[in-house]
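Worksheet for the structure shown next.
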Amino acid sequence: MSAHPHLSRRGLLGMTAAVPLALTLGAGTAHAADSAYAMVYFTESTNLGDGTDYGLHLAVSPDGLNWTPLNQNNPLVIPTAGALGLRDPFLMRKQDGTFVVLATDLKGTDWGYNSQYIHVWDSADLRTFTGYRRLKLHDMTTHSWAPEAFWDAGRGRYAVIYSSVNASGHNVIMVNYTSDFVTASAPQVFFDPGYDVIDGDMAVGVNGYNYLYYKKNQTLVSARSTSLDPGSFTEYGTGVAHGGTEAPTVVKSLASGNFWLWGDTYTPNGVFYAWQSSNLASGTWTALDQRTYTQPLNSKHCGIATITTAEYDNLLAKWGAPAWNRLKSYNFPARYVRHSNYAGRIDEYPIEPYKDSQWALVPGLADSSGVSFRSVSHPTRYLRHYDYALRLDVNDGTSTFAGDATFYRTAGLADASWASFRSYNNPTRYLRHANYVLRIDPVSTATDRQDATFRIGY
């Protein structure tokens with residue numbers, strides 16, 4: 001949740017730590033066989049209109065960077081008590097190998113809403129969510145924002161941390177201990193540096209230190225301790241931000257062993273940025289190129305845990321991948337293909353209305369081995385070229401239209417792992433952007449090749 005009462009409660013990026021092997025990055029002990037990632041989140045469009053949903057959403061990723069929303073990016077479960085909505089979901093694999101989901105008891109952006117409770121679900125496999133309940137944490141007249149949990153081996157219990165305004169008059173990070181997420185011990189102050197602090201995220205047991213990441217003003221900063229005792233953490237390191245940034249999430253890459261720090265911005269609302277570090281003790285982070293990661297559409301404040309290949313496959317089999325795609329620009333990776341006033345463009349995410357950037361990639365109208373781009377928001381219309389400019393037109397059934405709306409997908413001209421699209425009826429020309437407008441043009445220079453390269457994702 002955001003401690004920015006007048007802006008965003010806290011975005012999506014409270015992604016919680018993923019953990020490899022014996023490391024408990026805030027997400028419980030990962031199985032040695034874990035090879036993929038699951039993300040929980042809620043959704044908010046920039047204007048809080050269509051695309052906003054305060055239920056529990058789930059996405060999966062083989063690499064922890066590029067995500068496939070499940071269930072068509074619709075919620076899997078919705079709270080039935082308290083505020084009847086959630087923010088800031090957190091996902092953790094417990095010591096017994098099953099999962100628990102925690103979330104803020106809040107629907108919408110009423111930052112003055114007080115709740116002494118958090119939402120809780122159990123899940124054996126993330127295919128079903130059972131045992132829904134609310135867990136009471138305190139008796140104060142305040143909120144319980146952005147709950148997360150970690151296993152405290154010394155105490156033999158789980159620690160639940162969250163932000164509340166206590167007698168100090170500002171948000172501090174509180175902690176309660178629990179063995180079952182049904183009842184909890186009395187609350188204690190876990191971290192109070194003397195200023196407003198929200199969105200705590202833990203990385204436990206990294207080379208002798210425990211790390212706490214949190215939002216300070218508009219920046220993501222960290223503290224650390226050699227113990228897990230309340231009051232033992234000391235701020236250190238250099239903060240990161242991209243505009244107003246909140247909801248830090250530290251994830252360890254299962255492949256490289258590097259750490260990713262995710263942050264969620266609220267200027268504009270709901271844009272994720274990511275940083276990387278090979279050594280948490282350094283306290284420094286390097287921004288990741290946006291080419292390397294893609295957040296789920298409209299996603300806000302998430303939690304991440306590692307999963308096995310079987311769990312990844314079973315989740316896709318259960319919930320299915322979206323029936324639509326988004327196309328990210330290679331050389332302007334903050335921008336996606338969309339239509340606006342029926343003209344084809346690339347614009348910065350988030351895009352309003354968001355469905356203008358969603359496409360059903362269907363068999364080519366002129367050649368089924370090619371592809372045509374059918375609009376999700378205007379399903380009778382397709383992207384087609386006309387005088388070499390791309391526009392969204394109703395399929396009139398003619399062979400000319402079919403040819404104009406058909407492209408052959410090829411390896412990306414600037415990066416073979418991405419995609420480029422050659423025109424069916426103008427085979428020397430490729431789909432590209434120029435001054436953010438989509439066209440078909442011959443491609444000869446390095447810039448041309450970058451303009452003509454896109455990533456197909458969600």
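In the structure tokens, the first chain shown is A, the next is B, and so on; residue numbers restart at 1 for each chain, and ligands run from 1 in the order shown.
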
### Message
Give me the residues near region 424-438 of chain A as a VMD selection string, where near means some atom within 9 Å (using only C-alpha atoms) and where sequence neighbours in that chain fewer than 6 positions away do not count.
### Response
chain A and resid 329 335 337 343 to 347 366 to 367 370 385 388 to 391 400 403 to 408 448 to 454

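If you count only C-alpha atoms and ignore residues fewer than 3 places along the chain from Tyr354 (chain A), what sits within 9 Å of it is Ser45, Asp50, Gly51, Leu297, Asn298, Arg338, Tyr349, Pro350, Ile351, Ser357, Gln358 and Ser377 of chain A.
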
### Message
Please extract the residues of region 263-378 of chain A with a backbone DSSP assignment of alpha helix (DSSP H) and present them as a PyMOL selection string.
### Response
chain A and resi 309-319

Residues as selected, C-alpha atoms, written as a PDB file, in the first residue's frame, can you do that?
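So the final result, stored in again.pdb, reads:
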```
ATOM      1  CA  THR A 309       8.475 -27.139 -13.755  1.00  0.00           C
ATOM      2  CA  ALA A 310       5.550 -29.452 -12.991  1.00  0.00           C
ATOM      3  CA  GLU A 311       3.762 -26.705 -11.064  1.00  0.00           C
ATOM      4  CA  TYR A 312       4.404 -24.234 -13.913  1.00  0.00           C
ATOM      5  CA  ASP A 313       3.033 -26.677 -16.493  1.00  0.00           C
ATOM      6  CA  ASN A 314       0.037 -27.555 -14.330  1.00  0.00           C
ATOM      7  CA  LEU A 315      -0.858 -23.897 -13.793  1.00  0.00           C
ATOM      8  CA  LEU A 316      -0.825 -23.207 -17.532  1.00  0.00           C
ATOM      9  CA  ALA A 317      -2.891 -26.344 -18.110  1.00  0.00           C
ATOM     10  CA  LYS A 318      -5.408 -25.321 -15.440  1.00  0.00           C
ATOM     11  CA  TRP A 319      -5.833 -21.621 -16.200  1.00  0.00           C
TER      12      TRP A 319
END
```

### Task
Using backbone DSSP assignments, extract all strand (DSSP E) residues from region 98-261 of chain A; output them as a PyMOL selection string.
chain A and resi 99-105+117-123+130-136+145-152+157-165+171-178+188-191+198-206+209-216+219-225+234-240+245-252+259-261

### Distance query region 392-395 of chain A at most 7 Å, only C-alpha atoms, self and fewer than 2 positions along chain excluded, as a ChimeraX atom specification
/A:339,342-344,380-384,397,401

What are the closest atom pairs, with distances in Å to one decimal, for all residues of region 240-290 of chain A lying within 9 Å of region 61-76 of chain A? Consider only C-alpha atoms, order rows by chain and residue number, and present the result as CSV.
```
residue,atom,partner,partner_atom,distance
A:Val251,CA,A:Gly64,CA,8.3
A:Ser253,CA,A:Gly64,CA,7.1
A:Leu254,CA,A:Asp63,CA,8.2
A:Ala255,CA,A:Asp63,CA,7.9
```
